[in-house]
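*Asks:* I have a structure I would like to understand better, so I am pasting it below and will then ask my questions one at a time.
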Amino acid sequence: MRIGFASDIHALVENRKLILGGVTVPFERGELAHSDGDVLYHALAESILGALALGDLGTHFPDNDNKYKDMDSALIVRSVVKMMDEKGYLVNNVDISISLEKPKLKPYILKMRENVATLLNVDLDKVSIKAGTNEGFDAVGKGEAVKAEAIVLLKEKE
């Protein structure tokens with residue numbers, strides 16, 4: 001068994017889509033990022049990389065490389081899952097927390113979980129996603145940013 005943790009945060013700006021777990025959430029602002037900015041997928045991918053001791057997202061997907069400009073972050077997760085498979089591991093379970101003041105994410109959580117389960121090739125009950133606010137504290141609490149944290153438990157293939 002191996003465990004990995006990661007956190008990702010992006011500023012919220014106008015003229016960008018808010019994409020979380022592959023779901024475009026209707027909102028007047030979205031993530032400022034080189035890729036599509038999906039903090040949930042970024043934290044998930046980096047937690048897997050961490051569990052495998054393969055470095056961070058910037059090592060594999062540098063933000064100064066134009067081939068990753070506006071990239072669908074699902075492709076990042078797929079690439080990391082391939083690395084995990086090649087190392088002989090699979091996901092036992094994942095727990096992800098999203099911090100965002102607005103909008104409320106409850107209507108979108110199930111679809112996010114389904115998307116993650118599909119990308120990881122696991123049953124839905126292996127994927128937990130929660131959303132909360134920062135109660136007005138820091139950049140997230142002031143509505144200036146969105147943050148995701150992910151922890152993943154990997155197990156060796158049988």
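In the structure tokens, the first chain shown is A, the next is B, and so on; residue numbers restart at 1 for each chain, and ligands run from 1 in the order shown.
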Considering only C-alpha atoms, return as number ranges by chain whatever protein or nucleic-acid residues lie within 10 Å of region 72-82 of chain A, sequence-local ones (same chain, fewer than 6 positions apart) excluded.

*Replies:* A: 19-22, 35-49, 52, 54, 57, 60-61, 88-91, 115-116, 119-121

*Asks:* Given only C-alpha atoms, how would the per-residue table for region 25-48 of chain A near region 13-18 of chain A read, listing every residue at most 9 Å away with its closest atom pair and distance in Å to one decimal, sorted by chain and number, as a tab-separated table?

*Replies:*
```
residue	atom	partner	partner_atom	distance
A:Val25	CA	A:Leu18	CA	5.5
A:Pro26	CA	A:Leu18	CA	7.1
A:Phe27	CA	A:Leu18	CA	6.6
A:Glu28	CA	A:Glu14	CA	6.4
A:Arg29	CA	A:Glu14	CA	4.5
A:Gly30	CA	A:Leu18	CA	3.8
A:Glu31	CA	A:Leu18	CA	5.8
A:Leu32	CA	A:Val13	CA	6.1
A:Asp36	CA	A:Lys17	CA	7.9
A:Gly37	CA	A:Leu18	CA	8.0
A:Asp38	CA	A:Leu18	CA	7.7
```

*Asks:* Let me make sure I understand: among A:Val94, A:Leu105, A:Ile9, A:Val146, which one has the smallest atom-to-atom distance to Leu124 (chain A) if we use only C-alpha atoms?

*Replies:*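 Smallest separation from Leu124 (chain A) among the options: A:Val94.
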
*Asks:* With DSSP run on the backbone, what are the strand (DSSP E) residues within chain A? I'd like them as a ChimeraX atom specification.

*Replies:* /A:2-14,18-20,23-25,29-31,89-99,127-132,145-156

*Asks:* Please compute the CA of Glu144 (chain A)-CA of Leu12 (chain A) distance, one decimal, in Å.

*Replies:* 5.4 Å

*Asks:* Just want the 9 Å neighbourhood of Ala33 (chain A), counted on only C-alpha atoms, with same-chain residues fewer than 6 positions away dropped. Output as a ChimeraX atom specification.

*Replies:* /A:10-11,63,69-70

*Asks:* Store the residues picked out above in a file with C-alpha atoms, as an mmCIF file, in the first residue's frame.

*Replies:*
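The file below, part_1.cif, is the result:
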```cif
data_model
loop_
_atom_site.group_PDB
_atom_site.id
_atom_site.type_symbol
_atom_site.label_atom_id
_atom_site.label_comp_id
_atom_site.auth_asym_id
_atom_site.auth_seq_id
_atom_site.Cartn_x
_atom_site.Cartn_y
_atom_site.Cartn_z
ATOM 1 C CA HIS A 10 -5.981 28.607 -8.442
ATOM 2 C CA ALA A 11 -7.139 32.197 -8.537
ATOM 3 C CA ASP A 63 3.266 25.203 -17.230
ATOM 4 C CA LYS A 69 -1.940 25.242 -22.828
ATOM 5 C CA ASP A 70 -5.677 24.952 -22.065
#
```

*Asks:* Within region 60-154 of chain A, find each residue whose DSSP state, derived from the backbone, is alpha helix (DSSP H), and express the selection as a PyMOL selection string.

*Replies:* chain A and resi 60+73-86+106-120+138-141

*Asks:* Using only C-alpha atoms for the distances, tell me which of A:Ser99, A:Thr24, A:Asn92, A:Asn64 is nearest to Asp8 (chain A).

*Replies:* A:Ser99
